[in-house]
file query.cif (mmCIF, C-alpha atoms)
data_upload
#
loop_
_atom_site.label_atom_id
_atom_site.label_comp_id
_atom_site.auth_asym_id
_atom_site.auth_seq_id
_atom_site.Cartn_x
_atom_site.Cartn_y
_atom_site.Cartn_z
CA MET A 193 126.21 130.53 114.09
CA THR A 194 128.16 127.63 112.71
CA THR A 195 127.34 124.92 110.19
CA LEU A 196 127.58 121.34 111.43
CA LEU A 197 128.87 118.38 109.42
CA TYR A 198 127.63 114.93 110.41
CA THR A 199 129.47 111.94 108.98
CA HIS A 200 131.05 108.65 110.07
CA GLU A 201 133.73 106.21 108.92
CA ALA A 202 131.15 103.39 109.00
CA CYS A 203 129.41 104.95 106.01
CA VAL A 204 132.24 103.86 103.69
CA GLU A 205 131.83 100.25 104.83
CA HIS A 206 128.62 99.92 102.83
CA ASP A 207 130.05 98.38 99.64
CA PRO A 208 127.22 97.33 97.31
CA ALA A 209 129.04 95.48 94.54
CA PRO A 210 132.01 95.82 92.19
CA MET A 211 131.47 98.67 89.71
CA HIS A 212 128.30 99.82 91.49
CA PRO A 213 127.89 103.60 91.01
CA GLU A 214 126.98 104.20 94.67
CA HIS A 215 130.40 103.18 95.93
CA PRO A 216 132.48 104.16 98.99
CA ALA A 217 134.75 106.47 96.98
CA ARG A 218 131.85 108.93 96.76
CA LEU A 219 132.08 109.75 100.43
CA LYS A 220 135.87 109.73 100.45
CA ALA A 221 135.87 112.31 97.66
CA ILE A 222 133.56 114.54 99.70
CA TRP A 223 135.70 114.20 102.81
CA LYS A 224 138.77 115.21 100.80
CA ALA A 225 137.00 118.25 99.37
CA LEU A 226 135.92 119.37 102.83
CA ASP A 227 139.36 118.78 104.34
CA THR A 228 140.74 122.09 103.09
CA PRO A 229 141.35 125.45 104.79
CA GLY A 230 138.10 126.92 103.49
CA PHE A 231 136.22 124.55 105.78
CA ASP A 232 138.20 125.09 108.98
CA LEU A 233 135.13 126.62 110.65
CA LEU A 234 132.91 123.66 109.75
CA GLU A 235 132.15 121.85 113.00
CA ARG A 236 132.45 118.10 112.51
CA ARG A 237 130.43 115.58 114.51
CA GLU A 238 130.14 111.81 114.38
CA ALA A 239 126.83 110.54 113.08
CA PRO A 240 125.15 108.43 115.76
CA VAL A 241 123.26 105.20 115.17
CA ALA A 242 119.54 105.77 114.65
CA THR A 243 117.22 103.72 116.83
CA VAL A 244 114.63 101.38 115.42
CA GLU A 245 112.01 103.58 117.09
CA GLN A 246 113.21 106.62 115.14
CA ILE A 247 113.26 104.76 111.83
CA ALA A 248 109.86 103.16 112.52
CA ARG A 249 108.19 106.56 112.35
CA VAL A 250 108.51 106.09 108.57
CA HIS A 251 109.28 102.41 107.99
CA PRO A 252 107.25 99.70 109.82
CA GLU A 253 109.35 97.96 112.45
CA PRO A 254 109.10 94.52 110.75
CA PHE A 255 110.57 96.07 107.60
CA VAL A 256 113.43 97.66 109.55
CA THR A 257 114.18 94.38 111.28
CA ALA A 258 114.04 92.45 108.02
CA ILE A 259 116.58 94.78 106.36
CA LEU A 260 118.97 94.60 109.30
CA ASP A 261 118.59 90.83 109.59
CA ALA A 262 119.39 90.44 105.89
CA VAL A 263 122.81 92.08 106.23
CA PRO A 264 125.32 89.33 105.35
CA ASP A 265 128.39 88.30 107.34
CA SER A 266 130.32 88.18 104.07
CA GLY A 267 129.70 88.81 100.41
CA VAL A 268 126.79 90.77 99.00
CA VAL A 269 123.02 90.22 99.15
CA ALA A 270 120.79 91.72 96.45
CA ILE A 271 117.51 93.37 97.46
CA ASP A 272 116.79 94.21 93.82
CA GLY A 273 118.82 94.79 90.68
CA ASP A 274 120.15 98.12 91.99
CA THR A 275 120.18 97.75 95.76
CA PHE A 276 122.59 95.56 97.70
CA LEU A 277 123.66 94.76 101.25
CA SER A 278 127.25 94.12 102.31
CA PRO A 279 128.53 93.35 105.84
CA GLY A 280 128.86 97.07 106.61
CA SER A 281 125.51 98.13 105.22
CA GLY A 282 123.50 97.86 108.42
CA GLU A 283 125.60 100.23 110.49
CA ALA A 284 126.07 102.58 107.53
CA ALA A 285 122.30 102.87 107.00
CA LEU A 286 121.68 103.36 110.71
CA ARG A 287 124.28 106.11 110.87
CA ALA A 288 122.95 107.81 107.74
CA ALA A 289 119.52 108.02 109.37
CA GLY A 290 121.12 108.89 112.69
CA ALA A 291 123.00 111.77 111.10
CA ALA A 292 119.74 113.28 109.85
CA VAL A 293 118.09 112.88 113.25
CA ALA A 294 121.06 114.34 115.15
CA ALA A 295 121.33 117.24 112.71
CA THR A 296 117.64 117.96 113.22
CA ASP A 297 118.09 117.95 117.00
CA ALA A 298 121.07 120.30 116.79
CA VAL A 299 119.48 122.80 114.41
CA LEU A 300 116.14 122.87 116.22
CA GLY A 301 118.00 123.09 119.53
CA GLY A 302 119.79 126.24 118.40
CA GLU A 303 123.27 124.69 118.33
CA ALA A 304 123.80 125.69 114.69
CA ALA A 305 122.13 127.60 111.91
CA ASN A 306 122.17 124.56 109.66
CA ALA A 307 123.80 121.18 109.10
CA PHE A 308 124.96 118.91 106.30
CA CYS A 309 124.90 115.11 106.57
CA ALA A 310 127.65 113.49 104.51
CA ALA A 311 126.48 109.92 104.82
CA ARG A 312 125.57 106.96 102.66
CA PRO A 313 123.66 104.97 101.55
CA PRO A 314 121.28 107.64 100.26
CA GLY A 315 117.62 107.49 101.22
CA HIS A 316 115.07 109.29 99.07
CA HIS A 317 114.03 106.24 97.00
CA ALA A 318 113.29 104.12 100.09
CA GLU A 319 109.51 103.81 100.42
CA PRO A 320 107.94 103.00 103.79
CA ASP A 321 107.88 99.27 103.05
CA ARG A 322 110.42 98.92 100.26
CA ALA A 323 114.18 99.48 99.90
CA MET A 324 115.12 100.39 96.32
CA GLY A 325 117.24 102.65 94.14
CA PHE A 326 120.44 102.25 96.21
CA CYS A 327 118.44 103.30 99.31
CA LEU A 328 117.62 101.36 102.50
CA PHE A 329 116.09 103.86 104.97
CA ASN A 330 114.70 107.28 104.04
CA SER A 331 116.80 109.63 106.14
CA VAL A 332 115.05 112.89 105.24
CA ALA A 333 111.59 111.46 105.93
CA ILE A 334 112.83 110.03 109.23
CA ALA A 335 114.23 113.45 110.16
CA ALA A 336 110.96 115.18 109.25
CA ARG A 337 108.91 112.79 111.38
CA HIS A 338 111.41 113.16 114.23
CA ALA A 339 111.02 116.93 114.08
CA GLN A 340 107.28 116.57 114.43
CA THR A 341 107.20 113.81 117.04
CA VAL A 342 110.02 114.93 119.33
CA HIS A 343 110.16 118.69 118.74
CA GLY A 344 106.46 119.28 118.16
CA LEU A 345 106.79 121.00 114.80
CA ALA A 346 103.54 121.43 112.94
CA ARG A 347 104.98 121.64 109.41
CA VAL A 348 108.19 120.32 107.86
CA ALA A 349 109.27 120.56 104.21
CA VAL A 350 111.70 118.53 102.13
CA ILE A 351 113.08 120.00 98.90
CA ASP A 352 114.83 117.55 96.59
CA PHE A 353 117.04 118.60 93.66
CA ASP A 354 118.48 115.16 92.95
CA VAL A 355 118.20 114.22 89.26
CA HIS A 356 116.01 111.25 90.20
CA HIS A 357 112.58 111.76 91.73
CA GLY A 358 112.39 110.90 95.44
CA ASN A 359 109.52 108.45 95.18
CA GLY A 360 110.15 107.22 98.72
CA THR A 361 109.81 110.64 100.31
CA GLN A 362 106.72 111.34 98.23
CA ALA A 363 105.15 108.04 99.30
CA ALA A 364 105.91 108.71 102.97
CA PHE A 365 104.37 112.21 102.78
CA TRP A 366 101.46 111.51 100.39
CA ASP A 367 98.69 111.34 102.99
CA VAL A 368 100.27 113.71 105.53
CA PRO A 369 99.32 117.33 104.76
CA THR A 370 101.64 118.64 107.49
CA LEU A 371 104.64 117.42 105.48
CA PHE A 372 105.62 119.07 102.18
CA TYR A 373 107.67 117.51 99.39
CA GLY A 374 108.96 119.52 96.44
CA SER A 375 111.18 118.07 93.74
CA THR A 376 112.98 119.01 90.55
CA HIS A 377 114.15 115.96 88.59
CA GLN A 378 114.65 114.59 85.11
CA MET A 379 111.64 112.93 83.54
CA PRO A 380 111.45 110.39 82.01
CA LEU A 381 113.99 108.64 84.22
CA TYR A 382 114.14 106.14 87.08
CA PRO A 383 112.01 105.55 89.14
CA GLY A 384 109.22 106.71 86.81
CA THR A 385 107.33 108.82 89.36
CA GLY A 386 107.27 112.57 89.78
CA ALA A 387 104.71 113.89 87.28
CA ALA A 388 103.39 117.37 87.96
CA THR A 389 99.93 115.84 88.42
CA GLU A 390 101.09 113.88 91.51
CA ARG A 391 99.87 116.19 94.28
CA GLY A 392 99.14 114.10 97.38
CA GLN A 393 96.96 116.22 99.65
CA GLY A 394 98.15 119.36 97.89
CA ASN A 395 101.43 118.98 99.76
CA ILE A 396 103.42 117.48 96.87
CA VAL A 397 104.89 119.74 94.17
CA ASN A 398 106.82 118.11 91.34
CA ALA A 399 108.64 120.11 88.68
CA PRO A 400 109.93 117.55 86.17
CA LEU A 401 112.61 118.60 83.69
CA ALA A 402 113.12 117.19 80.20
CA PRO A 403 116.42 115.48 79.37
CA MET A 404 119.17 117.95 78.45
CA SER A 405 117.56 120.73 80.49
CA GLY A 406 120.12 123.08 81.96
CA SER A 407 120.48 126.06 84.26
CA GLU A 408 117.69 128.13 82.73
CA GLU A 409 115.07 125.40 82.97
CA PHE A 410 116.15 124.33 86.46
CA ARG A 411 116.14 127.86 87.86
CA ARG A 412 112.77 128.58 86.26
CA ALA A 413 111.28 125.43 87.82
CA MET A 414 112.62 126.40 91.22
CA THR A 415 111.55 130.04 90.91
CA ASP A 416 108.11 129.45 89.44
CA ARG A 417 107.00 126.29 91.27
CA ILE A 418 109.15 125.02 94.12
CA LEU A 419 110.15 128.18 95.98
CA PRO A 420 106.69 129.86 96.01
CA SER A 421 105.03 126.61 97.07
CA VAL A 422 107.36 125.93 99.99
CA THR A 423 107.17 129.58 101.05
CA ALA A 424 103.38 129.37 101.12
CA PHE A 425 103.56 126.15 103.14
CA ARG A 426 105.61 127.98 105.80
CA PRO A 427 107.56 125.05 107.24
CA GLU A 428 109.19 125.31 110.64
CA LEU A 429 112.17 123.32 109.33
CA LEU A 430 113.46 122.97 105.77
CA ILE A 431 115.25 119.73 104.85
CA ILE A 432 117.19 119.37 101.60
CA SER A 433 117.64 116.12 99.71
CA ALA A 434 120.95 117.21 98.22
CA GLY A 435 121.67 115.05 95.22
CA PHE A 436 124.27 116.35 92.79
CA ASP A 437 123.63 113.97 89.89
CA ALA A 438 121.86 116.64 87.85
CA HIS A 439 125.37 117.94 87.12
CA ARG A 440 126.27 117.86 83.42
CA ASP A 441 129.18 115.48 84.11
CA ASP A 442 127.14 112.86 85.94
CA PRO A 443 126.98 109.50 84.13
CA LEU A 444 123.53 108.33 85.30
CA ALA A 445 121.30 111.00 83.77
CA SER A 446 121.25 113.82 81.25
CA LEU A 447 120.49 117.14 82.91
CA MET A 448 123.09 119.82 82.29
CA LEU A 449 123.46 121.72 85.56
CA GLU A 450 126.67 123.42 86.61
CA THR A 451 128.10 123.55 90.12
CA GLU A 452 126.97 127.17 90.36
CA ASP A 453 123.36 126.06 89.95
CA PHE A 454 123.58 124.10 93.21
CA VAL A 455 125.05 127.17 94.92
CA TRP A 456 122.17 129.27 93.61
CA ALA A 457 119.56 126.71 94.70
CA THR A 458 121.12 126.46 98.15
CA ALA A 459 121.11 130.25 98.53
CA GLU A 460 117.49 130.47 97.42
CA LEU A 461 116.40 127.75 99.84
CA MET A 462 118.30 129.47 102.64
CA ARG A 463 116.51 132.71 101.74
CA VAL A 464 113.16 130.96 102.06
CA ALA A 465 114.21 129.37 105.35
CA ASP A 466 115.29 132.77 106.68
CA ALA A 467 111.85 134.14 105.83
CA VAL A 468 109.71 131.35 107.27
CA CYS A 469 111.63 129.32 109.86
CA GLY A 470 114.51 131.32 111.24
CA GLY A 471 116.96 129.86 108.73
CA LYS A 472 116.68 126.31 110.05
CA VAL A 473 118.02 123.96 107.36
CA VAL A 474 119.18 120.35 107.45
CA SER A 475 120.73 118.99 104.24
CA CYS A 476 121.36 115.31 103.51
CA LEU A 477 123.47 113.83 100.73
CA GLU A 478 121.59 111.83 98.12
CA GLY A 479 123.03 111.04 94.65
CA GLY A 480 126.00 112.20 92.59
CA TYR A 481 128.19 109.70 90.75
CA ASP A 482 130.95 111.58 88.98
CA LEU A 483 133.51 111.94 91.76
CA HIS A 484 134.91 115.31 90.69
CA ALA A 485 131.51 116.87 90.07
CA LEU A 486 130.15 115.39 93.30
CA ALA A 487 133.04 116.64 95.43
CA GLU A 488 133.04 120.10 93.85
CA SER A 489 129.26 120.51 94.06
CA THR A 490 129.04 119.24 97.63
CA ALA A 491 131.82 121.56 98.75
CA ALA A 492 130.11 124.50 97.06
CA HIS A 493 126.79 123.57 98.69
CA VAL A 494 128.37 123.38 102.14
CA LYS A 495 130.30 126.61 101.59
CA GLN A 496 126.99 128.34 100.85
CA LEU A 497 125.40 126.85 103.99
CA MET A 498 128.32 128.32 105.96
CA THR A 499 127.31 131.85 104.93
CA ALA A 500 124.31 131.72 107.29
#

call {"tool": "encode", "arguments": {"input": "query.cif", "output": "structure tokens"}}
result
Amino acid sequence: MTTLLYTHEACVEHDPAPMHPEHPARLKAIWKALDTPGFDLLERREAPVATVEQIARVHPEPFVTAILDAVPDSGVVAIDGDTFLSPGSGEAALRAAGAAVAATDAVLGGEAANAFCAARPPGHHAEPDRAMGFCLFNSVAIAARHAQTVHGLARVAVIDFDVHHGNGTQAAFWDVPTLFYGSTHQMPLYPGTGAATERGQGNIVNAPLAPMSGSEEFRRAMTDRILPSVTAFRPELLIISAGFDAHRDDPLASLMLETEDFVWATAELMRVADAVCGGKVVSCLEGGYDLHALAESTAAHVKQLMTA
């Protein structure tokens, strides 16, 4: 079965501010990396616009409306010191969430083994009632809730290897034992959450890594904590928050991962998915701010997904 790629031109129209690290060139670099002969078999689909109803399974409707109403006709509006809205931000955020929902429908519907959503803005910092950390709507949480509400899944897991802890996903899942969140991330680092003692209903597993940790520490955290925990949870769908800012070349943090570490992690997560949920995986882009490292790591991640 094929791997699907969901993306959309509107996702480069979200333009936070001059010199902002989460800039449109990130997505353009990924598109260029995937526009090579090695990805000829990657089936490309346009990301649809998510509905307010779909987003409201995670974010209260008044919050969704307030974000969309705040999108300016010109210039930039600041939500906080890191998070901004430009005229294209509303559609971009709706299509980022829509990509995750559509990918979930396609994978659960048997149209593909797995899917990757190359969309921005990212989502894993967006809490149910708060946009923050470059994020407006939490695409992976929205996809997980969609899988439960529309497809009737009992258990869904999100695994996050972004260098920053996905506080938004954790907050959305905290009181929901049928949703699992597992994360490796640098600590201390923004947003300040993600201690190993943060457990929710037993459905949250954090494996924080000290600054300057590299391949050995990352792979040990995945092997000893994340992979056994998600295997024991036995999700019916595995969603990946695929941030590539733990790469040694990334400017926003200080983990020392190599591109091959993301390939290894992807292969291990696919192995778990093969064992517990028929290989069903949906992956969504999160962070990654060195353009070369981001493009190379994303391409390697997608290439590994295509081996399913």

call {"tool": "resolve_selection", "arguments": {"input": "query.cif", "expression": "the PyMOL selection byres ((chain A and resi 443) around 12)", "output": "VMD selection string"}}
result
chain A and resid 213 to 214 355 436 to 442 444 to 448 479 to 486

call {"tool": "closest_residue", "arguments": {"input": "query.cif", "among": "A:Thr385, A:Ser407, A:Thr499, A:Ser475", "to": "Leu197 of chain A", "atoms": "all atoms listed in the file"}}
result
A:Ser475

call {"tool": "closest_residue", "arguments": {"input": "query.cif", "among": "A:Leu477, A:Leu233, A:Ala424, A:Val350", "to": "Tyr198 of chain A", "atoms": "all atoms listed in the file"}}
result
A:Leu477

call {"tool": "atom_distance", "arguments": {"input": "query.cif", "atom1": "atom CA of Leu430 of chain A", "atom2": "atom CA of Cys309 of chain A"}}
result
13.9 Å

call {"tool": "resolve_selection", "arguments": {"input": "query.cif", "expression": "the PyMOL selection byres ((chain A and resi 201-207) around 8)", "output": "PDB file with C-alpha atoms, keeping the file's coordinate frame"}}
result
ATOM      1  CA  THR A 199     129.470 111.940 108.980  1.00  0.00           C
ATOM      2  CA  HIS A 200     131.050 108.650 110.070  1.00  0.00           C
ATOM      3  CA  PRO A 208     127.220  97.330  97.310  1.00  0.00           C
ATOM      4  CA  ALA A 209     129.040  95.480  94.540  1.00  0.00           C
ATOM      5  CA  HIS A 215     130.400 103.180  95.930  1.00  0.00           C
ATOM      6  CA  PRO A 216     132.480 104.160  98.990  1.00  0.00           C
ATOM      7  CA  ALA A 217     134.750 106.470  96.980  1.00  0.00           C
ATOM      8  CA  LEU A 219     132.080 109.750 100.430  1.00  0.00           C
ATOM      9  CA  LYS A 220     135.870 109.730 100.450  1.00  0.00           C
ATOM     10  CA  LEU A 277     123.660  94.760 101.250  1.00  0.00           C
ATOM     11  CA  SER A 278     127.250  94.120 102.310  1.00  0.00           C
ATOM     12  CA  PRO A 279     128.530  93.350 105.840  1.00  0.00           C
ATOM     13  CA  GLY A 280     128.860  97.070 106.610  1.00  0.00           C
ATOM     14  CA  SER A 281     125.510  98.130 105.220  1.00  0.00           C
ATOM     15  CA  GLY A 282     123.500  97.860 108.420  1.00  0.00           C
ATOM     16  CA  GLU A 283     125.600 100.230 110.490  1.00  0.00           C
ATOM     17  CA  ALA A 284     126.070 102.580 107.530  1.00  0.00           C
ATOM     18  CA  ALA A 285     122.300 102.870 107.000  1.00  0.00           C
ATOM     19  CA  ARG A 287     124.280 106.110 110.870  1.00  0.00           C
ATOM     20  CA  ALA A 288     122.950 107.810 107.740  1.00  0.00           C
ATOM     21  CA  ALA A 311     126.480 109.920 104.820  1.00  0.00           C
ATOM     22  CA  ARG A 312     125.570 106.960 102.660  1.00  0.00           C
ATOM     23  CA  PRO A 313     123.660 104.970 101.550  1.00  0.00           C
TER      24      PRO A 313
END

call {"tool": "closest_residue", "arguments": {"input": "query.cif", "among": "A:Gly315, A:Pro240, A:Gly230, A:Gly406", "to": "Asp453 of chain A", "atoms": "all atoms listed in the file"}}
result
A:Gly406

call {"tool": "decode", "arguments": {"input": "query.cif", "residues": "segment 306-376 of chain A", "atoms": "C-alpha atoms", "output": "PDB file, in the first residue's frame"}}
result
ATOM      1  CA  ASN A 306       0.210   5.525   6.397  1.00  0.00           C
ATOM      2  CA  ALA A 307       0.301   9.254   5.683  1.00  0.00           C
ATOM      3  CA  PHE A 308       2.457  12.311   6.298  1.00  0.00           C
ATOM      4  CA  CYS A 309       1.005  15.803   6.719  1.00  0.00           C
ATOM      5  CA  ALA A 310       3.406  18.493   5.511  1.00  0.00           C
ATOM      6  CA  ALA A 311       1.527  21.482   6.847  1.00  0.00           C
ATOM      7  CA  ARG A 312       2.055  24.501   9.051  1.00  0.00           C
ATOM      8  CA  PRO A 313       1.580  26.118  11.496  1.00  0.00           C
ATOM      9  CA  PRO A 314       2.525  23.275  13.842  1.00  0.00           C
ATOM     10  CA  GLY A 315       0.129  22.249  16.582  1.00  0.00           C
ATOM     11  CA  HIS A 316       1.461  20.367  19.589  1.00  0.00           C
ATOM     12  CA  HIS A 317       1.830  23.415  21.878  1.00  0.00           C
ATOM     13  CA  ALA A 318      -1.777  24.540  21.333  1.00  0.00           C
ATOM     14  CA  GLU A 319      -3.728  23.766  24.507  1.00  0.00           C
ATOM     15  CA  PRO A 320      -7.515  23.382  24.374  1.00  0.00           C
ATOM     16  CA  ASP A 321      -8.087  27.036  25.266  1.00  0.00           C
ATOM     17  CA  ARG A 322      -4.753  28.639  24.423  1.00  0.00           C
ATOM     18  CA  ALA A 323      -2.697  29.172  21.254  1.00  0.00           C
ATOM     19  CA  MET A 324       1.029  29.344  22.009  1.00  0.00           C
ATOM     20  CA  GLY A 325       4.485  28.256  20.908  1.00  0.00           C
ATOM     21  CA  PHE A 326       3.931  29.009  17.194  1.00  0.00           C
ATOM     22  CA  CYS A 327       0.788  26.819  17.325  1.00  0.00           C
ATOM     23  CA  LEU A 328      -2.890  27.724  16.782  1.00  0.00           C
ATOM     24  CA  PHE A 329      -4.850  24.434  16.613  1.00  0.00           C
ATOM     25  CA  ASN A 330      -3.562  21.061  17.818  1.00  0.00           C
ATOM     26  CA  SER A 331      -3.729  18.943  14.686  1.00  0.00           C
ATOM     27  CA  VAL A 332      -2.669  15.617  16.209  1.00  0.00           C
ATOM     28  CA  ALA A 333      -5.150  15.910  19.081  1.00  0.00           C
ATOM     29  CA  ILE A 334      -7.894  16.850  16.629  1.00  0.00           C
ATOM     30  CA  ALA A 335      -7.025  13.802  14.517  1.00  0.00           C
ATOM     31  CA  ALA A 336      -7.073  11.523  17.569  1.00  0.00           C
ATOM     32  CA  ARG A 337     -10.492  12.765  18.653  1.00  0.00           C
ATOM     33  CA  HIS A 338     -11.766  12.440  15.080  1.00  0.00           C
ATOM     34  CA  ALA A 339     -10.611   8.831  14.995  1.00  0.00           C
ATOM     35  CA  GLN A 340     -12.589   8.116  18.138  1.00  0.00           C
ATOM     36  CA  THR A 341     -15.714  10.122  17.326  1.00  0.00           C
ATOM     37  CA  VAL A 342     -16.134   9.301  13.638  1.00  0.00           C
ATOM     38  CA  HIS A 343     -14.398   5.930  13.307  1.00  0.00           C
ATOM     39  CA  GLY A 344     -15.257   4.536  16.726  1.00  0.00           C
ATOM     40  CA  LEU A 345     -11.717   3.742  17.809  1.00  0.00           C
ATOM     41  CA  ALA A 346     -11.349   2.902  21.468  1.00  0.00           C
ATOM     42  CA  ARG A 347      -7.674   3.855  21.864  1.00  0.00           C
ATOM     43  CA  VAL A 348      -5.425   6.269  19.972  1.00  0.00           C
ATOM     44  CA  ALA A 349      -1.792   7.130  20.727  1.00  0.00           C
ATOM     45  CA  VAL A 350       0.359  10.130  19.868  1.00  0.00           C
ATOM     46  CA  ILE A 351       4.147   9.816  20.008  1.00  0.00           C
ATOM     47  CA  ASP A 352       6.079  13.078  19.903  1.00  0.00           C
ATOM     48  CA  PHE A 353       9.831  13.306  19.233  1.00  0.00           C
ATOM     49  CA  ASP A 354       9.954  17.073  18.759  1.00  0.00           C
ATOM     50  CA  VAL A 355      12.686  18.693  20.876  1.00  0.00           C
ATOM     51  CA  HIS A 356      10.030  20.713  22.727  1.00  0.00           C
ATOM     52  CA  HIS A 357       7.456  19.001  24.919  1.00  0.00           C
ATOM     53  CA  GLY A 358       3.951  18.949  23.440  1.00  0.00           C
ATOM     54  CA  ASN A 359       2.198  20.560  26.373  1.00  0.00           C
ATOM     55  CA  GLY A 360      -0.940  21.107  24.309  1.00  0.00           C
ATOM     56  CA  THR A 361      -1.362  17.451  23.412  1.00  0.00           C
ATOM     57  CA  GLN A 362      -0.656  16.442  26.990  1.00  0.00           C
ATOM     58  CA  ALA A 363      -3.263  18.906  28.280  1.00  0.00           C
ATOM     59  CA  ALA A 364      -5.870  17.664  25.791  1.00  0.00           C
ATOM     60  CA  PHE A 365      -5.244  14.013  26.770  1.00  0.00           C
ATOM     61  CA  TRP A 366      -4.648  14.441  30.520  1.00  0.00           C
ATOM     62  CA  ASP A 367      -8.074  13.306  31.721  1.00  0.00           C
ATOM     63  CA  VAL A 368      -8.826  10.931  28.831  1.00  0.00           C
ATOM     64  CA  PRO A 369      -7.432   7.452  29.553  1.00  0.00           C
ATOM     65  CA  THR A 370      -8.382   6.221  26.067  1.00  0.00           C
ATOM     66  CA  LEU A 371      -5.797   8.594  24.574  1.00  0.00           C
ATOM     67  CA  PHE A 372      -2.057   8.026  25.069  1.00  0.00           C
ATOM     68  CA  TYR A 373       0.694  10.640  24.808  1.00  0.00           C
ATOM     69  CA  GLY A 374       4.373   9.725  24.826  1.00  0.00           C
ATOM     70  CA  SER A 375       7.148  12.266  24.365  1.00  0.00           C
ATOM     71  CA  THR A 376      10.914  12.551  24.191  1.00  0.00           C
TER      72      THR A 376
END
